[in-house]
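Chemist: My structure is below; once you've seen it, I'll send some questions.
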Amino acid sequence: MIPIVKPFLPKFEAYSARIEDIFERNYLTNNGPVLQELEQKLADYFKVPYLLLVSNGTLAIQVALMALEVKGKVITTPFSFAATSSTLSALSIDPIFSDIDRETLNLDPKAISTDALKSASAILPVHVYGNACDVKTLEALAQEHQLKVIYDAAHTFGAEYDGKPLLAYGDAATISLHATKIFHTVEGGAVAFKNKADYEKAKQLINFGFDANNMPNLVGINAKMSEIHAAMGLSLFEHVESITSHRAQLAAQYINNLKGHVSFPFFTETCKPNGAYAPIILNNEAELETLQAHFASLEIQTRRYFYPSLSLVECYKGAGETPIANDICSRVLCLPMYYELSFEQVDYICDTVIDFLKQYREL
């Protein structure tokens with residue numbers, strides 16, 4: 001079987017050595033030394049002044065929204081994982097769905113209506129598959145209409161735009177450190193802030209709102225990362241460059257092998273891809289479903305990521321017409337992508353796609 005994803009793990013001895021140290025200290029959570037070390041390494045890696053580790057990527061978005069005091073309505077994309085919109089709804093914030101760019105699959109600044117800009121308090125774009133949004137235009141719009149910008153940068157570990165890591169853009173940017181991501185802490189996430197005051201408030205929010213005097217003078221939550229999870233991150237950190245480099249090469253091979261047979265998201269020239277995912281866009285939903293069933297018969301896992309379009313999910317109760325996102329959601333399929341995937345396996349998967357499409361499209 002070829003799985004859709006396989007978490008990268010360090011050598012067990014390296015991880016267990018860190019766990020032994022934690023056991024000796026008997027300090028398991030509440031901003032311990034392992035977490036502090038990982039936070040500093042990641043802040044340096046992402047070139048951001050203020051980075052806060054939290055217990056998962058969904059809470060990272062929630063903490064960013066709470067720290068920036070976002071309320072009312074937020075402009076966002078329907079082409080994303082459920083966490084982007086579910087977090088808004090959970091905080092009683094109404095999502096205003098705006099359509100995506102057909103080539104990049106990111107939130108299209110030109111599609112955002114004037115009414116949406118006037119009624120919203122923030123914009124929550126997603127760097128889809130690690131592909132940079134049009135950050136300059138989005139932030140110009142935000143400045144003109146006095147909106148906060150919070151980037152859901154869940155997929156962006158190792159990705160850059162104009163030579164800067166994507167976590168360095170926006171009033172805040174969040175990343176997922178889930179086991180399926182390029183770099184992980186088993187479960188985890190992080191928020192990068194532009195301003196120190198927002199960062200300090202977020203530090204208080206993730207610990208029940210307690211201040212330096214141990215008084216809960218803010219309504220907070222528990223979003224702290226444990227020492228055990230941070231130890232996994234530190235154990236993986238030394239492998240970051242080889243992981244991102246190999247995955248980027250795998251992604252390039254997928255594109256090289258399949259160009260002319262399927263479509264791909266367009267990455268701008270100034271965006272450095274990171275191989276977070278291997279998405280392909282088929283001609284229609286029937287073609288996608290038949291190909292996915294064929295892969296399943298060969299024990300090759302694939303995933304409809306993202307599906308369905310979040311603007312069609314009733315429980316989020318969002319407003320906005322998004323025909324392009326709705327169409328793309330019905331036709332995009334992610335192929336296997338992980339560090340241990342070999343170039344030979346990528347060739348086999350690509351040959352399977354090509355052979356299938358040749359027969360299917362001749363019917």
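Letters A, B, ... go to the chains of the structure tokens in the order shown; residues in each chain start at 1; ligands are counted from 1 in the same order.
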Taking the DSSP assignment computed from this structure's backbone, write out as a list in words all residues of range 99-200 of chain A that belong to strand (DSSP E).
Modeler: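 The strand (DSSP E) subset of range 99-200 of chain A is Ala122, Ile123, Leu124, Lys148, Val149, Ile150, Tyr151, Asp152, Glu160, Tyr161, Lys164, Pro165, Ala172, Ala173, Thr174, Ile175, Ser176, Gly189, Ala190, Val191, Ala192 and Phe193 of chain A.
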Chemist: Using DSSP on the backbone coordinates, identify all residues within range 39-258 of chain A classified as alpha helix (DSSP H); present the result as a PyMOL selection string.
Modeler: chain A and resi 39-46+57-67+82-90+114-119+135-145+196-205+227-237+240-258
Chemist: I want to know what sits within 12 Å of His294 in chain A, based on only C-alpha atoms, with residues of the same chain fewer than 3 positions away left out; could you give that as a PyMOL selection string?
Modeler: chain A and resi 287-291+297-302+349+352-353+355-357+360
Chemist: Looking at only C-alpha atoms, which of A:Thr156, A:Lys203, A:Glu238, A:Ser80 is the one that sits closest to Ile221 in chain A?
Modeler: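 Of A:Thr156, A:Lys203, A:Glu238, A:Ser80, the one nearest Ile221 in chain A is A:Lys203, counting only C-alpha atoms.
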Chemist: Write out as an mmCIF file with N, CA and C atoms, in the first residue's frame each polymer residue whose atoms come within 9 Å of Met232 in chain A, counting only C-alpha atoms; drop sequence neighbours fewer than 2 positions from it.
Modeler:
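Produced file result-v6.cif, reproduced below:
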data_model
loop_
_atom_site.group_PDB
_atom_site.id
_atom_site.type_symbol
_atom_site.label_atom_id
_atom_site.label_comp_id
_atom_site.auth_asym_id
_atom_site.auth_seq_id
_atom_site.Cartn_x
_atom_site.Cartn_y
_atom_site.Cartn_z
ATOM 1 N N LEU A 9 9.384 10.569 11.387
ATOM 2 C CA LEU A 9 9.764 10.353 12.786
ATOM 3 C C LEU A 9 11.283 10.383 12.925
ATOM 4 N N PRO A 10 11.778 10.957 14.021
ATOM 5 C CA PRO A 10 13.221 10.932 14.265
ATOM 6 C C PRO A 10 13.630 9.543 14.740
ATOM 7 N N TYR A 15 14.675 10.850 20.299
ATOM 8 C CA TYR A 15 13.481 11.326 20.987
ATOM 9 C C TYR A 15 13.457 10.858 22.446
ATOM 10 N N ARG A 18 15.451 12.921 24.904
ATOM 11 C CA ARG A 18 14.789 14.157 25.338
ATOM 12 C C ARG A 18 13.694 13.851 26.367
ATOM 13 N N HIS A 184 6.345 18.515 12.464
ATOM 14 C CA HIS A 184 5.257 18.318 13.409
ATOM 15 C C HIS A 184 5.750 18.137 14.831
ATOM 16 N N THR A 185 4.790 18.263 15.750
ATOM 17 C CA THR A 185 5.010 17.970 17.166
ATOM 18 C C THR A 185 3.968 16.934 17.608
ATOM 19 N N VAL A 186 3.572 16.065 16.715
ATOM 20 C CA VAL A 186 2.493 15.095 16.848
ATOM 21 C C VAL A 186 1.158 15.834 16.755
ATOM 22 N N GLU A 227 5.553 19.667 27.154
ATOM 23 C CA GLU A 227 6.973 19.388 26.940
ATOM 24 C C GLU A 227 7.166 18.130 26.079
ATOM 25 N N ILE A 228 6.285 17.158 26.242
ATOM 26 C CA ILE A 228 6.391 15.909 25.481
ATOM 27 C C ILE A 228 6.235 16.182 23.986
ATOM 28 N N HIS A 229 5.270 17.042 23.635
ATOM 29 C CA HIS A 229 5.060 17.379 22.228
ATOM 30 C C HIS A 229 6.209 18.244 21.692
ATOM 31 N N ALA A 230 6.646 19.190 22.514
ATOM 32 C CA ALA A 230 7.756 20.044 22.085
ATOM 33 C C ALA A 230 9.020 19.228 21.853
ATOM 34 N N LEU A 234 11.691 19.346 18.665
ATOM 35 C CA LEU A 234 13.147 19.528 18.753
ATOM 36 C C LEU A 234 13.892 18.357 18.117
ATOM 37 N N SER A 235 13.356 17.162 18.265
ATOM 38 C CA SER A 235 14.006 15.975 17.686
ATOM 39 C C SER A 235 13.965 15.998 16.163
ATOM 40 N N LEU A 236 12.916 16.635 15.620
ATOM 41 C CA LEU A 236 12.777 16.707 14.164
ATOM 42 C C LEU A 236 13.524 17.881 13.555
ATOM 43 N N PHE A 237 13.784 18.893 14.361
ATOM 44 C CA PHE A 237 14.246 20.159 13.793
ATOM 45 C C PHE A 237 15.527 20.020 12.972
#
Chemist: List as CSV every residue of range 153-253 of chain A that is in contact with range 51-58 of chain A, defined as an atom at most 10 Å from one of its atoms (using only C-alpha atoms), together with the nearest atom pair and the distance in Å rounded to one decimal, sorted by chain and then rising number.
Modeler:
residue,atom,partner,partner_atom,distance
A:Ala153,CA,A:Gly57,CA,9.5
A:Ala154,CA,A:Gly57,CA,7.0
A:Leu167,CA,A:Leu51,CA,9.5
A:Ala172,CA,A:Leu51,CA,9.6
A:Ala173,CA,A:Leu51,CA,9.5
A:Thr174,CA,A:Gly57,CA,7.0
A:Ile175,CA,A:Gly57,CA,5.9
A:Ser176,CA,A:Gly57,CA,4.2
A:Leu177,CA,A:Gly57,CA,6.6
A:His178,CA,A:Asn56,CA,7.0
A:Thr185,CA,A:Ser55,CA,9.1
A:Val186,CA,A:Asn56,CA,9.2
A:Glu187,CA,A:Asn56,CA,5.6
A:Gly188,CA,A:Asn56,CA,3.7
A:Gly189,CA,A:Gly57,CA,4.2
A:Ala190,CA,A:Leu53,CA,4.3
A:Val191,CA,A:Leu52,CA,5.3
A:Ala192,CA,A:Leu51,CA,4.4
A:Phe193,CA,A:Leu51,CA,6.4
A:Lys194,CA,A:Leu51,CA,9.3
A:Lys196,CA,A:Leu51,CA,9.8
A:Tyr199,CA,A:Leu52,CA,7.4
A:Glu200,CA,A:Leu52,CA,9.4
A:Ala202,CA,A:Leu52,CA,7.9
A:Lys203,CA,A:Leu52,CA,7.2
A:Ile206,CA,A:Val54,CA,7.6
A:Asn222,CA,A:Ser55,CA,8.6
A:Ala223,CA,A:Ser55,CA,5.2
A:Lys224,CA,A:Val54,CA,5.0
A:Met225,CA,A:Ser55,CA,4.4
A:Ser226,CA,A:Ser55,CA,7.5
A:His229,CA,A:Ser55,CA,8.5
A:Ala230,CA,A:Leu53,CA,8.8
Chemist: Could the residues in this selection be written to a file with C-alpha atoms, as a PDB file, in the first residue's frame?
Modeler:
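What follows is the written file again_15.pdb:
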ATOM      1  CA  ALA A 153      -0.553  29.431   7.014  1.00  0.00           C
ATOM      2  CA  ALA A 154      -1.092  25.813   8.092  1.00  0.00           C
ATOM      3  CA  LEU A 167       4.666  33.305   8.619  1.00  0.00           C
ATOM      4  CA  ALA A 172      -0.772  37.325  12.691  1.00  0.00           C
ATOM      5  CA  ALA A 173      -0.162  34.048  10.893  1.00  0.00           C
ATOM      6  CA  THR A 174      -0.876  30.546  12.127  1.00  0.00           C
ATOM      7  CA  ILE A 175       0.692  27.211  11.303  1.00  0.00           C
ATOM      8  CA  SER A 176      -0.270  23.617  11.993  1.00  0.00           C
ATOM      9  CA  LEU A 177       2.259  21.225  13.513  1.00  0.00           C
ATOM     10  CA  HIS A 178       0.014  18.184  13.156  1.00  0.00           C
ATOM     11  CA  THR A 185       5.010  17.970  17.166  1.00  0.00           C
ATOM     12  CA  VAL A 186       2.493  15.095  16.848  1.00  0.00           C
ATOM     13  CA  GLU A 187      -0.251  17.595  17.717  1.00  0.00           C
ATOM     14  CA  GLY A 188       0.535  21.276  17.771  1.00  0.00           C
ATOM     15  CA  GLY A 189       0.429  24.676  16.177  1.00  0.00           C
ATOM     16  CA  ALA A 190       1.955  28.112  16.390  1.00  0.00           C
ATOM     17  CA  VAL A 191       1.012  31.758  15.968  1.00  0.00           C
ATOM     18  CA  ALA A 192       3.370  34.465  14.755  1.00  0.00           C
ATOM     19  CA  PHE A 193       2.485  38.059  15.650  1.00  0.00           C
ATOM     20  CA  LYS A 194       3.647  41.322  14.139  1.00  0.00           C
ATOM     21  CA  LYS A 196       4.502  42.564  20.820  1.00  0.00           C
ATOM     22  CA  TYR A 199       1.830  38.397  21.423  1.00  0.00           C
ATOM     23  CA  GLU A 200       1.802  39.197  25.139  1.00  0.00           C
ATOM     24  CA  ALA A 202      -1.970  35.737  23.391  1.00  0.00           C
ATOM     25  CA  LYS A 203       0.470  34.301  25.964  1.00  0.00           C
ATOM     26  CA  ILE A 206      -3.600  30.388  26.200  1.00  0.00           C
ATOM     27  CA  ASN A 222      -6.152  26.270  27.687  1.00  0.00           C
ATOM     28  CA  ALA A 223      -4.094  26.030  24.502  1.00  0.00           C
ATOM     29  CA  LYS A 224      -0.658  25.243  25.929  1.00  0.00           C
ATOM     30  CA  MET A 225       1.716  22.784  24.274  1.00  0.00           C
ATOM     31  CA  SER A 226       3.276  20.145  26.528  1.00  0.00           C
ATOM     32  CA  HIS A 229       5.060  17.379  22.228  1.00  0.00           C
ATOM     33  CA  ALA A 230       7.756  20.044  22.085  1.00  0.00           C
TER      34      ALA A 230
END
Chemist: Between A:Leu312, A:Pro3, A:Ala17, A:Thr268, which residue has the minimum interatomic distance to Cys334 in chain A, considering only C-alpha atoms?
Modeler: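 Of A:Leu312, A:Pro3, A:Ala17, A:Thr268, the one nearest Cys334 in chain A is A:Pro3, counting only C-alpha atoms.
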Chemist: Considering only C-alpha atoms, state which residue in the set A:Thr76, A:Thr244, A:Ser309, A:Asn283 is at the smallest distance from Tyr339 in chain A.
Modeler: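 For Tyr339 in chain A, the nearest of the candidates is A:Thr244.
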Chemist: One decimal, in Å: what's the spacing between CA of Ala67 in chain A and CA of Leu205 in chain A?
Modeler: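 Atom-to-atom, CA of Ala67 in chain A and CA of Leu205 in chain A are spaced 7.5 Å apart.
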Chemist: Could you name the residues that touch Leu105 in chain A at 12 Å or less, counting only C-alpha atoms, but leaving out those on the same chain fewer than 3 positions away, as a PyMOL selection string?
Modeler: chain A and resi 77-80+98-102+108-109+125-134+263-268+279-281+306+322+324-329+332
Chemist: May I have the residues from that selection written out with C-alpha atoms, as a PDB file, in the first residue's frame?
Modeler:
ATOM      1  CA  THR A  77     -12.019  31.516   1.581  1.00  0.00           C
ATOM      2  CA  PRO A  78     -14.259  28.455   1.192  1.00  0.00           C
ATOM      3  CA  PHE A  79     -11.350  26.509  -0.317  1.00  0.00           C
ATOM      4  CA  SER A  80      -9.774  25.300   2.915  1.00  0.00           C
ATOM      5  CA  SER A  98     -15.226  35.274  -1.152  1.00  0.00           C
ATOM      6  CA  ASP A  99     -14.142  33.398  -4.253  1.00  0.00           C
ATOM      7  CA  ILE A 100     -10.714  32.108  -5.148  1.00  0.00           C
ATOM      8  CA  ASP A 101      -8.355  32.715  -8.030  1.00  0.00           C
ATOM      9  CA  ARG A 102      -8.777  29.910 -10.564  1.00  0.00           C
ATOM     10  CA  ASP A 108      -8.811  36.399  -4.939  1.00  0.00           C
ATOM     11  CA  PRO A 109      -8.529  40.047  -3.806  1.00  0.00           C
ATOM     12  CA  PRO A 125      -6.870  34.130   3.818  1.00  0.00           C
ATOM     13  CA  VAL A 126      -5.256  30.700   3.425  1.00  0.00           C
ATOM     14  CA  HIS A 127      -1.905  30.021   1.757  1.00  0.00           C
ATOM     15  CA  VAL A 128      -3.342  26.958   0.016  1.00  0.00           C
ATOM     16  CA  TYR A 129      -0.940  23.993  -0.298  1.00  0.00           C
ATOM     17  CA  GLY A 130       1.871  26.324   0.838  1.00  0.00           C
ATOM     18  CA  ASN A 131       1.247  28.630  -2.138  1.00  0.00           C
ATOM     19  CA  ALA A 132       1.549  32.305  -1.210  1.00  0.00           C
ATOM     20  CA  CYS A 133      -1.551  34.481  -1.372  1.00  0.00           C
ATOM     21  CA  ASP A 134      -1.396  37.879  -3.098  1.00  0.00           C
ATOM     22  CA  SER A 263      -3.818  20.829 -14.193  1.00  0.00           C
ATOM     23  CA  PHE A 264      -1.968  22.169 -11.157  1.00  0.00           C
ATOM     24  CA  PRO A 265      -2.203  25.222  -8.908  1.00  0.00           C
ATOM     25  CA  PHE A 266      -0.039  28.047 -10.251  1.00  0.00           C
ATOM     26  CA  PHE A 267       2.809  29.132  -7.965  1.00  0.00           C
ATOM     27  CA  THR A 268       4.099  32.649  -8.495  1.00  0.00           C
ATOM     28  CA  PRO A 279      -2.687  18.285  -5.790  1.00  0.00           C
ATOM     29  CA  ILE A 280      -3.958  17.641  -9.304  1.00  0.00           C
ATOM     30  CA  ILE A 281      -7.063  19.108 -10.942  1.00  0.00           C
ATOM     31  CA  PHE A 306     -10.406  20.304  -0.023  1.00  0.00           C
ATOM     32  CA  THR A 322     -18.162  31.262  -4.715  1.00  0.00           C
ATOM     33  CA  ILE A 324     -14.975  29.029  -8.808  1.00  0.00           C
ATOM     34  CA  ALA A 325     -14.191  27.499  -5.411  1.00  0.00           C
ATOM     35  CA  ASN A 326     -17.220  25.235  -5.657  1.00  0.00           C
ATOM     36  CA  ASP A 327     -16.054  24.012  -9.058  1.00  0.00           C
ATOM     37  CA  ILE A 328     -12.415  23.462  -8.059  1.00  0.00           C
ATOM     38  CA  CYS A 329     -13.447  21.605  -4.884  1.00  0.00           C
ATOM     39  CA  VAL A 332      -9.063  18.568  -7.052  1.00  0.00           C
TER      40      VAL A 332
END
Chemist: Which residue is closest to Ile112 in chain A? Choose from A:Glu321, A:Ile182, A:Ile19, A:Glu24 and count only C-alpha atoms.
Modeler: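 Once distances to Ile112 in chain A are computed over only C-alpha atoms, the minimum belongs to A:Glu321.
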